[in-house]
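Asker: Below is the file run_37.tsv, which contains TSV, C-alpha atoms.
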```tsv
chain	number	residue	atom	x	y	z
A	309	MET	CA	71.11	-39.46	-30.39
A	310	VAL	CA	70.77	-41.98	-27.55
A	311	GLY	CA	68.10	-43.84	-29.51
A	312	LEU	CA	70.37	-44.13	-32.54
A	313	LEU	CA	73.31	-45.32	-30.44
A	314	ALA	CA	71.14	-47.87	-28.65
A	315	LYS	CA	69.83	-49.18	-31.96
A	316	ALA	CA	73.37	-49.53	-33.30
A	317	LEU	CA	75.09	-50.91	-30.19
A	318	ILE	CA	72.46	-52.86	-28.22
A	319	LYS	CA	71.06	-56.11	-29.55
A	320	ASN	CA	67.31	-56.45	-28.90
A	321	TYR	CA	67.38	-52.84	-27.71
A	322	LYS	CA	63.60	-52.81	-27.13
A	323	SER	CA	63.69	-55.70	-24.63
A	324	PHE	CA	63.74	-53.35	-21.63
A	325	THR	CA	63.02	-56.08	-19.05
A	326	SER	CA	66.07	-58.11	-20.10
A	327	ALA	CA	68.88	-57.90	-17.54
A	328	ASN	CA	71.50	-57.82	-20.32
A	329	VAL	CA	69.74	-55.00	-22.19
A	330	ARG	CA	69.23	-53.03	-18.96
A	331	GLN	CA	72.94	-53.31	-18.23
A	332	LYS	CA	73.93	-52.06	-21.67
A	333	TYR	CA	71.56	-49.10	-21.48
A	334	GLY	CA	73.00	-48.17	-18.09
A	335	ILE	CA	76.58	-48.34	-19.34
A	336	LEU	CA	75.73	-46.40	-22.54
A	337	CYS	CA	74.00	-43.60	-20.64
A	338	GLY	CA	76.81	-43.55	-18.09
A	339	ILE	CA	79.46	-43.08	-20.80
A	340	LEU	CA	77.43	-40.33	-22.48
A	341	GLY	CA	77.05	-38.65	-19.09
A	342	ILE	CA	80.82	-38.70	-18.58
A	343	ILE	CA	81.44	-37.12	-21.99
A	344	PHE	CA	78.74	-34.44	-21.73
A	345	ASN	CA	79.63	-33.45	-18.17
A	346	ILE	CA	83.37	-33.16	-18.86
A	347	ILE	CA	82.61	-30.89	-21.84
A	348	LEU	CA	80.34	-28.75	-19.66
A	349	PHE	CA	82.88	-28.67	-16.83
A	350	ALA	CA	85.64	-27.42	-19.13
A	351	GLY	CA	83.44	-24.77	-20.73
A	352	LYS	CA	82.05	-23.46	-17.44
A	353	LEU	CA	85.43	-23.50	-15.71
A	354	ILE	CA	86.90	-21.32	-18.46
A	355	ALA	CA	83.87	-19.01	-18.33
A	356	GLY	CA	84.07	-18.85	-14.53
A	357	MET	CA	87.79	-18.01	-14.58
A	358	LEU	CA	87.33	-15.32	-17.21
A	359	SER	CA	84.40	-13.71	-15.39
A	360	GLY	CA	85.54	-14.33	-11.81
A	361	SER	CA	82.07	-15.71	-11.01
A	362	ILE	CA	81.84	-18.10	-8.08
A	363	ALA	CA	78.37	-19.17	-9.23
A	364	ILE	CA	79.64	-20.29	-12.65
A	365	THR	CA	82.70	-21.96	-11.11
A	366	ALA	CA	80.43	-23.70	-8.60
A	367	ASP	CA	78.24	-24.91	-11.45
A	368	ALA	CA	81.35	-26.15	-13.29
A	369	PHE	CA	82.48	-28.30	-10.38
A	370	ASN	CA	78.92	-29.55	-10.02
A	371	ASN	CA	79.26	-30.87	-13.59
A	372	LEU	CA	82.60	-32.44	-12.70
A	373	SER	CA	80.93	-34.28	-9.82
A	374	ASP	CA	78.21	-35.34	-12.27
A	375	ALA	CA	80.93	-36.84	-14.49
A	376	GLY	CA	82.23	-38.78	-11.49
A	377	SER	CA	78.68	-39.86	-10.76
A	378	SER	CA	78.32	-41.12	-14.33
A	379	VAL	CA	81.49	-43.18	-13.87
A	380	VAL	CA	80.03	-44.76	-10.73
A	381	THR	CA	76.71	-45.38	-12.49
A	382	ALA	CA	78.35	-47.06	-15.50
A	383	VAL	CA	80.58	-49.22	-13.28
A	384	GLY	CA	77.58	-50.05	-11.07
A	385	PHE	CA	75.57	-51.30	-14.04
A	386	LYS	CA	78.56	-53.33	-15.23
A	387	LEU	CA	79.12	-54.99	-11.86
A	388	SER	CA	75.42	-55.58	-11.22
A	389	GLY	CA	75.29	-57.72	-14.37
A	390	GLN	CA	77.65	-60.34	-12.92
A	391	LYS	CA	76.19	-63.83	-12.67
A	392	PRO	CA	75.31	-65.42	-9.30
A	393	ASP	CA	78.20	-67.14	-7.54
A	394	ILE	CA	78.82	-69.17	-4.40
A	395	HIS	CA	79.06	-66.03	-2.26
A	396	HIS	CA	76.13	-64.21	-3.88
A	397	PRO	CA	73.59	-66.85	-4.98
A	398	PHE	CA	70.97	-64.24	-5.87
A	399	GLY	CA	73.27	-62.25	-8.15
A	400	HIS	CA	74.76	-58.77	-7.82
A	401	GLY	CA	71.79	-56.63	-8.86
A	402	ARG	CA	71.79	-54.53	-5.70
A	403	ILE	CA	75.15	-53.04	-6.71
A	404	GLU	CA	73.07	-50.73	-8.92
A	405	TYR	CA	71.36	-49.40	-5.80
A	406	ILE	CA	74.68	-49.06	-3.98
A	407	SER	CA	76.21	-47.14	-6.89
A	408	GLY	CA	73.22	-44.80	-6.82
A	409	LEU	CA	73.80	-44.22	-3.11
A	410	ILE	CA	77.48	-43.40	-3.75
A	411	VAL	CA	76.44	-40.92	-6.43
A	412	SER	CA	74.02	-39.31	-3.97
A	413	MET	CA	76.75	-38.91	-1.35
A	414	ILE	CA	79.08	-37.30	-3.92
A	415	ILE	CA	76.34	-34.81	-4.81
A	416	LEU	CA	75.82	-33.93	-1.14
A	417	LEU	CA	79.56	-33.40	-0.52
A	418	VAL	CA	79.86	-31.12	-3.56
A	419	GLY	CA	76.81	-29.15	-2.41
A	420	ILE	CA	78.29	-28.62	1.04
A	421	GLU	CA	81.65	-27.39	-0.32
A	422	LEU	CA	80.02	-25.05	-2.83
A	423	PHE	CA	77.73	-23.65	-0.16
A	424	LYS	CA	80.77	-22.76	1.98
A	425	SER	CA	82.54	-21.11	-0.99
A	426	SER	CA	79.46	-19.08	-1.88
A	427	VAL	CA	79.01	-17.82	1.68
A	428	GLU	CA	82.65	-16.68	1.66
A	429	LYS	CA	81.93	-14.87	-1.62
A	430	ILE	CA	79.00	-13.05	0.01
A	431	ILE	CA	81.19	-11.97	2.93
A	432	ASN	CA	84.11	-10.97	0.68
A	433	PRO	CA	82.62	-10.11	-2.76
A	434	THR	CA	84.86	-9.68	-5.81
A	435	GLU	CA	84.14	-8.07	-9.14
A	436	VAL	CA	82.42	-10.21	-11.77
A	437	LYS	CA	83.51	-9.61	-15.36
A	438	LEU	CA	80.87	-10.43	-17.95
A	439	SER	CA	81.33	-11.36	-21.60
A	440	GLY	CA	79.35	-12.78	-24.49
A	441	ILE	CA	81.10	-16.15	-24.16
A	442	THR	CA	79.83	-16.45	-20.58
A	443	PHE	CA	76.21	-16.22	-21.69
A	444	ILE	CA	76.80	-18.60	-24.62
A	445	VAL	CA	78.35	-21.23	-22.32
A	446	LEU	CA	75.41	-21.01	-19.92
A	447	PHE	CA	72.82	-21.34	-22.71
A	448	ILE	CA	74.65	-24.37	-24.13
A	449	SER	CA	74.81	-25.90	-20.66
A	450	ILE	CA	71.04	-25.56	-20.18
A	451	ALA	CA	70.43	-27.22	-23.57
A	452	PHE	CA	72.82	-30.11	-22.77
A	453	LYS	CA	71.39	-30.72	-19.32
A	454	SER	CA	67.80	-30.56	-20.58
A	455	TYR	CA	68.61	-33.28	-23.10
A	456	MET	CA	70.38	-35.37	-20.45
A	457	ALA	CA	67.39	-35.06	-18.12
A	458	PHE	CA	65.09	-36.12	-20.96
A	459	TYR	CA	66.93	-39.25	-22.07
A	460	ASN	CA	67.88	-40.42	-18.56
A	461	ASN	CA	64.28	-40.08	-17.39
A	462	LYS	CA	62.89	-41.78	-20.51
A	463	ILE	CA	65.27	-44.74	-20.35
A	464	GLY	CA	65.10	-44.88	-16.54
A	465	LYS	CA	61.34	-45.42	-16.78
A	466	LYS	CA	61.64	-48.01	-19.54
A	467	ILE	CA	64.18	-50.14	-17.67
A	468	SER	CA	62.76	-49.31	-14.20
A	469	SER	CA	66.06	-47.94	-12.87
A	470	SER	CA	65.98	-45.76	-9.76
A	471	ALA	CA	69.66	-44.89	-10.36
A	472	MET	CA	68.96	-43.44	-13.81
A	473	LYS	CA	65.86	-41.61	-12.59
A	474	ALA	CA	68.07	-40.01	-9.93
A	475	VAL	CA	70.54	-38.94	-12.64
A	476	ALA	CA	67.62	-37.44	-14.58
A	477	ARG	CA	66.51	-35.44	-11.53
A	478	ASP	CA	70.08	-34.31	-11.02
A	479	SER	CA	70.26	-33.06	-14.64
A	480	LEU	CA	66.94	-31.25	-14.26
A	481	SER	CA	68.09	-29.53	-11.08
A	482	ASP	CA	71.29	-28.54	-12.92
A	483	CYS	CA	69.12	-26.83	-15.56
A	484	ILE	CA	67.40	-24.86	-12.81
A	485	ALA	CA	70.72	-24.05	-11.13
A	486	THR	CA	72.34	-22.87	-14.38
A	487	THR	CA	69.26	-20.80	-15.19
A	488	SER	CA	69.61	-19.10	-11.80
A	489	VAL	CA	73.26	-18.32	-12.59
A	490	LEU	CA	72.18	-16.87	-15.95
A	491	ILE	CA	69.62	-14.70	-14.18
A	492	SER	CA	72.33	-13.55	-11.76
A	493	MET	CA	74.65	-12.58	-14.61
A	494	THR	CA	71.88	-10.70	-16.40
A	495	PHE	CA	70.84	-8.89	-13.21
A	496	THR	CA	74.44	-7.87	-12.49
A	497	TYR	CA	74.95	-6.72	-16.09
A	498	PHE	CA	71.99	-4.33	-16.01
A	499	THR	CA	72.17	-3.14	-12.37
A	500	ASP	CA	75.85	-3.42	-11.37
A	501	ILE	CA	74.65	-5.12	-8.18
A	502	ASN	CA	76.83	-8.14	-7.37
A	503	THR	CA	74.53	-11.07	-6.54
A	504	ASP	CA	77.08	-13.73	-7.52
A	505	GLY	CA	77.58	-15.16	-4.02
A	506	TRP	CA	73.85	-15.27	-3.31
A	507	PHE	CA	73.12	-17.17	-6.50
A	508	GLY	CA	76.07	-19.43	-5.71
A	509	VAL	CA	74.28	-20.30	-2.45
A	510	LEU	CA	71.12	-20.97	-4.45
A	511	VAL	CA	73.02	-23.34	-6.76
A	512	ALA	CA	74.49	-25.14	-3.74
A	513	LEU	CA	71.03	-25.53	-2.19
A	514	PHE	CA	69.70	-27.05	-5.39
A	515	ILE	CA	72.61	-29.50	-5.38
A	516	LEU	CA	71.98	-30.42	-1.74
A	517	TYR	CA	68.28	-30.96	-2.39
A	518	THR	CA	69.08	-33.19	-5.36
A	519	GLY	CA	71.51	-35.21	-3.26
A	520	TYR	CA	68.92	-35.62	-0.50
A	521	SER	CA	66.26	-36.75	-3.00
A	522	SER	CA	68.70	-39.21	-4.59
A	523	VAL	CA	69.59	-40.68	-1.18
A	524	LYS	CA	65.90	-41.33	-0.50
A	525	GLU	CA	65.46	-42.89	-3.95
A	526	THR	CA	68.40	-45.29	-3.60
A	527	VAL	CA	68.14	-46.19	0.10
A	528	SER	CA	64.50	-47.27	-0.16
A	529	PRO	CA	65.08	-50.41	-2.27
A	530	LEU	CA	68.12	-51.31	-0.15
A	531	LEU	CA	66.00	-51.22	3.01
A	532	GLY	CA	63.13	-53.04	1.32
A	533	GLN	CA	60.19	-51.29	-0.31
A	534	PRO	CA	56.78	-52.62	-1.40
A	535	PRO	CA	56.45	-53.83	-5.00
A	536	GLU	CA	54.75	-51.66	-7.60
A	537	PRO	CA	50.93	-52.09	-7.62
A	538	LYS	CA	51.05	-52.94	-11.34
A	539	PHE	CA	53.49	-55.80	-10.67
A	540	VAL	CA	51.26	-57.15	-7.88
A	541	GLN	CA	48.25	-57.02	-10.23
A	542	GLU	CA	50.17	-58.98	-12.88
A	543	ILE	CA	51.00	-61.69	-10.32
A	544	GLU	CA	47.38	-61.89	-9.16
A	545	GLN	CA	46.10	-62.10	-12.73
A	546	ILE	CA	48.44	-64.98	-13.57
A	547	VAL	CA	47.71	-66.97	-10.39
A	548	LEU	CA	43.94	-66.46	-10.50
A	549	SER	CA	43.78	-67.27	-14.21
A	550	PHE	CA	43.83	-70.92	-13.09
A	551	PRO	CA	40.23	-71.75	-12.12
A	552	GLU	CA	41.36	-74.23	-9.45
A	553	ILE	CA	42.83	-71.34	-7.40
A	554	VAL	CA	40.10	-69.55	-5.43
A	555	GLY	CA	42.29	-66.83	-3.88
A	556	LEU	CA	45.76	-65.80	-2.79
A	557	HIS	CA	47.35	-63.99	0.14
A	558	ASP	CA	50.66	-63.38	1.94
A	559	LEU	CA	52.29	-62.27	-1.31
A	560	ILE	CA	55.90	-61.22	-0.75
A	561	VAL	CA	58.25	-59.91	-3.44
A	562	HIS	CA	61.93	-60.31	-2.62
A	563	ASP	CA	63.98	-57.72	-4.52
A	564	TYR	CA	67.63	-58.62	-5.22
A	565	GLY	CA	68.09	-55.83	-7.74
A	566	PRO	CA	66.34	-54.73	-10.94
A	567	GLY	CA	65.25	-57.76	-12.92
A	568	ARG	CA	66.15	-60.10	-10.04
A	569	ARG	CA	63.00	-60.64	-8.02
A	570	MET	CA	61.63	-63.70	-6.24
A	571	ILE	CA	58.01	-64.25	-5.28
A	572	SER	CA	56.44	-66.19	-2.42
A	573	LEU	CA	52.68	-66.46	-1.89
A	574	HIS	CA	49.90	-68.62	-0.48
A	575	ALA	CA	47.40	-69.97	-3.00
A	576	GLU	CA	43.96	-70.88	-1.66
A	577	ILE	CA	42.53	-74.17	-2.97
A	578	PRO	CA	39.29	-76.06	-2.15
A	579	VAL	CA	39.80	-78.37	0.81
A	580	GLU	CA	38.49	-81.35	-1.15
A	581	SER	CA	41.05	-80.94	-3.98
A	582	ASP	CA	43.26	-83.82	-5.12
A	583	ILE	CA	46.69	-82.97	-3.71
A	584	LEU	CA	48.60	-84.44	-6.68
A	585	VAL	CA	46.49	-82.54	-9.20
A	586	MET	CA	46.92	-79.29	-7.29
A	587	HIS	CA	50.67	-79.84	-7.01
A	588	ASP	CA	50.86	-80.08	-10.79
A	589	ILE	CA	48.81	-76.89	-11.17
A	590	ILE	CA	51.05	-75.03	-8.72
A	591	ASP	CA	54.09	-76.12	-10.78
A	592	ASN	CA	52.43	-74.71	-13.91
A	593	ILE	CA	51.73	-71.40	-12.16
A	594	GLU	CA	55.36	-71.13	-11.08
A	595	LYS	CA	56.49	-71.80	-14.66
A	596	MET	CA	54.13	-69.15	-16.03
A	597	LEU	CA	55.37	-66.57	-13.50
A	598	LEU	CA	58.93	-67.33	-14.60
A	599	ILE	CA	58.10	-67.01	-18.31
A	600	ARG	CA	55.93	-63.88	-18.15
A	601	LEU	CA	57.51	-61.97	-15.25
A	602	GLU	CA	61.00	-63.53	-15.23
A	603	CYS	CA	60.64	-64.25	-11.51
A	604	GLN	CA	61.34	-67.39	-9.52
A	605	SER	CA	58.43	-68.20	-7.22
A	606	VAL	CA	57.55	-70.40	-4.26
A	607	ILE	CA	53.85	-71.10	-3.74
A	608	HIS	CA	52.32	-72.58	-0.60
A	609	MET	CA	48.93	-74.30	-0.90
A	610	ASP	CA	46.27	-73.31	1.63
A	611	PRO	CA	43.18	-75.59	1.65
A	612	ILE	CA	39.99	-73.72	2.53
A	613	SER	CA	36.37	-74.72	2.81
A	614	THR	CA	34.31	-73.59	-0.17
A	615	ASN	CA	31.17	-75.73	0.31
A	616	ASP	CA	30.38	-75.87	4.05
A	617	PRO	CA	27.48	-73.40	4.65
A	618	LYS	CA	28.27	-72.96	8.36
A	619	THR	CA	31.91	-72.09	7.71
A	620	LEU	CA	31.05	-69.67	4.90
A	621	GLU	CA	28.36	-67.96	6.99
A	622	THR	CA	30.68	-67.57	10.01
A	623	LYS	CA	33.47	-66.24	7.82
A	624	ALA	CA	31.16	-63.61	6.30
A	625	ARG	CA	30.05	-62.47	9.77
A	626	ILE	CA	33.67	-62.27	10.99
A	627	GLU	CA	34.60	-60.21	7.91
A	628	GLU	CA	31.91	-57.68	8.82
A	629	LEU	CA	33.16	-57.51	12.41
A	630	VAL	CA	36.80	-56.79	11.51
A	631	LYS	CA	35.74	-54.16	8.99
A	632	SER	CA	33.92	-52.37	11.81
A	633	ILE	CA	37.41	-51.71	13.26
A	634	ASP	CA	38.68	-50.41	9.91
A	635	ASN	CA	37.09	-50.95	6.51
A	636	ARG	CA	40.48	-51.82	4.94
A	637	ILE	CA	41.13	-54.85	7.17
A	638	THR	CA	40.69	-58.21	5.44
A	639	ILE	CA	40.87	-61.84	6.58
A	640	HIS	CA	42.18	-65.05	5.06
A	641	ASP	CA	43.08	-68.65	6.00
A	642	PHE	CA	39.74	-69.02	7.77
A	643	ARG	CA	39.19	-72.39	9.46
A	644	MET	CA	36.80	-73.78	12.06
A	645	VAL	CA	37.52	-76.57	14.57
A	646	VAL	CA	34.21	-77.64	16.09
A	647	GLY	CA	34.12	-79.06	19.63
A	648	HIS	CA	31.38	-80.14	22.10
A	649	THR	CA	31.48	-76.98	24.23
A	650	HIS	CA	33.09	-74.40	21.94
A	651	THR	CA	34.42	-73.83	18.44
A	652	ASN	CA	37.86	-72.48	17.62
A	653	ILE	CA	37.95	-70.14	14.64
A	654	ILE	CA	41.41	-69.67	13.21
A	655	PHE	CA	42.25	-66.96	10.72
A	656	ASP	CA	44.71	-64.22	9.73
A	657	ILE	CA	43.83	-60.56	9.43
A	658	VAL	CA	45.68	-58.19	7.10
A	659	VAL	CA	46.13	-54.72	8.62
A	660	PRO	CA	47.52	-51.65	6.77
A	661	PHE	CA	50.74	-50.22	8.22
A	662	ASP	CA	49.14	-46.83	8.85
A	663	ILE	CA	46.75	-48.30	11.44
A	664	LYS	CA	48.80	-47.51	14.53
A	665	LYS	CA	47.07	-49.86	16.96
A	666	SER	CA	49.36	-52.56	18.31
A	667	ASP	CA	48.87	-56.18	17.29
A	668	LYS	CA	47.89	-57.00	20.86
A	669	THR	CA	45.19	-54.31	20.90
A	670	LEU	CA	43.80	-55.43	17.54
A	671	ASN	CA	43.77	-59.05	18.66
A	672	GLU	CA	41.84	-58.12	21.81
A	673	GLU	CA	39.34	-56.04	19.82
A	674	VAL	CA	38.65	-58.86	17.36
A	675	SER	CA	38.26	-61.43	20.16
A	676	SER	CA	35.87	-59.12	22.05
A	677	LEU	CA	33.70	-58.51	18.98
A	678	VAL	CA	33.52	-62.24	18.19
A	679	CYS	CA	32.66	-63.08	21.81
A	680	LYS	CA	29.80	-60.56	21.78
A	681	MET	CA	28.50	-62.15	18.59
A	682	ASP	CA	28.74	-65.74	19.89
A	683	LYS	CA	30.23	-66.75	23.26
A	684	THR	CA	30.93	-70.29	22.01
A	685	LEU	CA	33.44	-69.02	19.45
A	686	TYR	CA	37.08	-68.77	20.50
A	687	THR	CA	39.47	-66.88	18.23
A	688	VAL	CA	43.03	-67.75	17.23
A	689	VAL	CA	44.21	-64.76	15.20
A	690	ASP	CA	47.48	-63.99	13.41
A	691	ILE	CA	48.03	-60.40	12.28
A	692	ASP	CA	49.81	-59.54	9.03
A	693	ARG	CA	50.89	-56.00	8.23
A	694	ALA	CA	50.66	-54.88	4.62
A	695	ASP	CA	50.66	-51.77	2.44
A	696	ALA	CA	47.22	-50.12	2.34
```
Output the file's structure as structure tokens, nothing else.
Answerer:
Amino acid sequence: MVGLLAKALIKNYKSFTSANVRQKYGILCGILGIIFNIILFAGKLIAGMLSGSIAITADAFNNLSDAGSSVVTAVGFKLSGQKPDIHHPFGHGRIEYISGLIVSMIILLVGIELFKSSVEKIINPTEVKLSGITFIVLFISIAFKSYMAFYNNKIGKKISSSAMKAVARDSLSDCIATTSVLISMTFTYFTDINTDGWFGVLVALFILYTGYSSVKETVSPLLGQPPEPKFVQEIEQIVLSFPEIVGLHDLIVHDYGPGRRMISLHAEIPVESDILVMHDIIDNIEKMLLIRLECQSVIHMDPISTNDPKTLETKARIEELVKSIDNRITIHDFRMVVGHTHTNIIFDIVVPFDIKKSDKTLNEEVSSLVCKMDKTLYTVVDIDRADA
């Protein structure tokens, strides 16, 4: 159904990296979510009122909150598609993350309220009346939510949307919650033991867990998270496809919302290169990154020695020394300034975040190791932290 609607309503519907196409998919799925969840809310509310089941009523209001969440998601996608302006020169893409956070908070609030209602039902139980329509409504709900989880997850992956992936997880947890209610109704029907309040608590806990997971999913990009390894590999492949570039480091991806990323990096070039020729090559790399990855980029040129045997030998020895501290540590920007009495060696080391040693301690360790190797070498070290 979603595929047919996308084909009919979205031009170039297979261009998943296009900001315009992403926006339309988000709005389409948001509108479908509103419609489906309102239908489920009405059906479950009627079933809950007829049966007197707090678990079914709780599940109904969970679907109502999901409808509200779909409204926020659709509006978020719409607003995030606004063009850059004087107050927001990098666009409004992060509104999608903010809308996802609002959805997460709504889910948490609903979970808290339903948990309180279910506990009251345990303390003061009331009779649950069962009927065929109750079971039919629950089965239909599971089918609807399974489909919603499927298409939100599928499209969320294709357009790389954390908001839609969160909606998919919410729909999947709703399937589990509704299944638990169905089990409760069946158990009560055959045993006459009222477990309605207890299963209502279970539904509330599922809702709370979903809200917590969604908060984590949406807060992470707002705080700043590392880029996907695949995206980093694509950048490296493009930059290093130019034979004049011998290496790169200090790659930073600035995320201003899905489809709105900027790149900055240092490209290593031979020290003897013609500066005008290299400037032209750097321009071409930036253009290729824009065409293939749709990202603006800023590239800094770092001249390094590629022919001096002494420099290359010293660099190799220093690389072995720093790896003796931790095998994942690497170095870059290696330079030597030779003097009459001593030689300054200047370089950066890249240290994974999970190495808990302080920068000062690491600096002292590197300097000590180099001094033991050759007392005429003085180190000037900058430490960069990076994902392992």
Asker: Using all atoms listed in the file for the distances, tell me which of A:Gln331, A:Ser666, A:Thr614, A:Ser479 is nearest to Lys319 (chain A).
Answerer: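 Under the stated criterion, the closest residue is A:Gln331.
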Asker: Find, counting all atoms listed in the file, the residue in A:Met586, A:Ile639, A:Ala512, A:Met472 that gets nearest to Val418 (chain A).
Answerer: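 Closest to Val418 (chain A) of all the choices is A:Ala512.
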Asker: Neighbouring residues of Lys466 (chain A) were defined as those with any atom within 12 Å, considering only C-alpha atoms; residues of the same chain fewer than 6 positions away were excluded. Please report them as a PyMOL selection string.
Answerer: chain A and resi 321-326+329-330+333-334+459-460+472-473+566
Asker: For Glu628 (chain A), work out the shell of residues within 12 Å, counting all atoms listed in the file and skipping chain neighbours fewer than 3 positions away, then give it as a VMD selection string.
Answerer: chain A and resid 621 to 625 631 to 639 674 677 to 678 681
Asker: For CA of Gly341 (chain A) and CA of Asp374 (chain A), determine how far apart the two atoms are, in Å to one decimal place.
Answerer: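 Result for CA of Gly341 (chain A) versus CA of Asp374 (chain A): 7.7 Å, one decimal.
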Asker: With only C-alpha atoms as the counted atoms, please give the residues lying no more than 10 Å from Ile657 (chain A), apart from itself and same-chain residues fewer than 6 positions off, as a list in words.
Answerer: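 The neighbour list is Glu627, Val630, Ile637, Thr638, Ile639, His640, Asp641, Phe642, Leu670, Asn671, Val674, Val689, Asp690, Ile691, Asp692 and Arg693 of chain A.
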Asker: CA of Val489 (chain A) to CA of Leu510 (chain A): how many Å, to one decimal?
Answerer: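 Here the two named atoms are 8.8 Å from each other.
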Asker: Counting only C-alpha atoms, which residues have an atom no more than 10 Å from (75.2, -27.6, 2.2) in the file's coordinates? Please list them as a count of residues only.
Answerer: 16
Asker: So, with only C-alpha atoms as the atoms that count, which of A:Ser572, A:Thr503, A:Ser522, A:Thr486 lies closest to Gln604 (chain A)?
Answerer: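 For Gln604 (chain A), the nearest of the candidates is A:Ser572.
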Asker: Can you take the partial region 445-461 of chain A, add N, CA and C atoms, and return it as an mmCIF file, keeping the file's coordinate frame?
Answerer:
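Result file is result_30.cif:
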```cif
data_model
loop_
_atom_site.group_PDB
_atom_site.id
_atom_site.type_symbol
_atom_site.label_atom_id
_atom_site.label_comp_id
_atom_site.auth_asym_id
_atom_site.auth_seq_id
_atom_site.Cartn_x
_atom_site.Cartn_y
_atom_site.Cartn_z
ATOM 1 N N VAL A 445 78.051 -19.999 -23.047
ATOM 2 C CA VAL A 445 78.350 -21.230 -22.320
ATOM 3 C C VAL A 445 77.169 -21.655 -21.458
ATOM 4 N N LEU A 446 76.541 -20.691 -20.791
ATOM 5 C CA LEU A 446 75.410 -21.010 -19.920
ATOM 6 C C LEU A 446 74.210 -21.510 -20.723
ATOM 7 N N PHE A 447 73.930 -20.898 -21.858
ATOM 8 C CA PHE A 447 72.820 -21.340 -22.710
ATOM 9 C C PHE A 447 73.077 -22.764 -23.224
ATOM 10 N N ILE A 448 74.302 -23.030 -23.652
ATOM 11 C CA ILE A 448 74.650 -24.370 -24.130
ATOM 12 C C ILE A 448 74.492 -25.398 -23.010
ATOM 13 N N SER A 449 74.913 -25.004 -21.808
ATOM 14 C CA SER A 449 74.810 -25.900 -20.660
ATOM 15 C C SER A 449 73.358 -26.276 -20.381
ATOM 16 N N ILE A 450 72.461 -25.293 -20.425
ATOM 17 C CA ILE A 450 71.040 -25.560 -20.180
ATOM 18 C C ILE A 450 70.494 -26.524 -21.224
ATOM 19 N N ALA A 451 70.888 -26.334 -22.490
ATOM 20 C CA ALA A 451 70.430 -27.220 -23.570
ATOM 21 C C ALA A 451 70.929 -28.649 -23.345
ATOM 22 N N PHE A 452 72.238 -28.781 -23.005
ATOM 23 C CA PHE A 452 72.820 -30.110 -22.770
ATOM 24 C C PHE A 452 72.111 -30.819 -21.623
ATOM 25 N N LYS A 453 71.967 -30.096 -20.509
ATOM 26 C CA LYS A 453 71.390 -30.720 -19.320
ATOM 27 C C LYS A 453 69.915 -31.056 -19.513
ATOM 28 N N SER A 454 69.196 -30.250 -20.294
ATOM 29 C CA SER A 454 67.800 -30.560 -20.580
ATOM 30 C C SER A 454 67.701 -31.870 -21.355
ATOM 31 N N TYR A 455 68.599 -32.043 -22.313
ATOM 32 C CA TYR A 455 68.610 -33.280 -23.100
ATOM 33 C C TYR A 455 68.980 -34.471 -22.219
ATOM 34 N N MET A 456 69.968 -34.284 -21.333
ATOM 35 C CA MET A 456 70.380 -35.370 -20.450
ATOM 36 C C MET A 456 69.250 -35.775 -19.502
ATOM 37 N N ALA A 457 68.533 -34.765 -18.996
ATOM 38 C CA ALA A 457 67.390 -35.060 -18.120
ATOM 39 C C ALA A 457 66.336 -35.848 -18.884
ATOM 40 N N PHE A 458 66.109 -35.468 -20.137
ATOM 41 C CA PHE A 458 65.090 -36.120 -20.960
ATOM 42 C C PHE A 458 65.429 -37.588 -21.207
ATOM 43 N N TYR A 459 66.649 -37.862 -21.697
ATOM 44 C CA TYR A 459 66.930 -39.250 -22.070
ATOM 45 C C TYR A 459 67.145 -40.146 -20.853
ATOM 46 N N ASN A 460 67.716 -39.593 -19.763
ATOM 47 C CA ASN A 460 67.880 -40.420 -18.560
ATOM 48 C C ASN A 460 66.532 -40.775 -17.947
ATOM 49 N N ASN A 461 65.612 -39.822 -17.938
ATOM 50 C CA ASN A 461 64.280 -40.080 -17.390
ATOM 51 C C ASN A 461 63.524 -41.077 -18.264
#
```
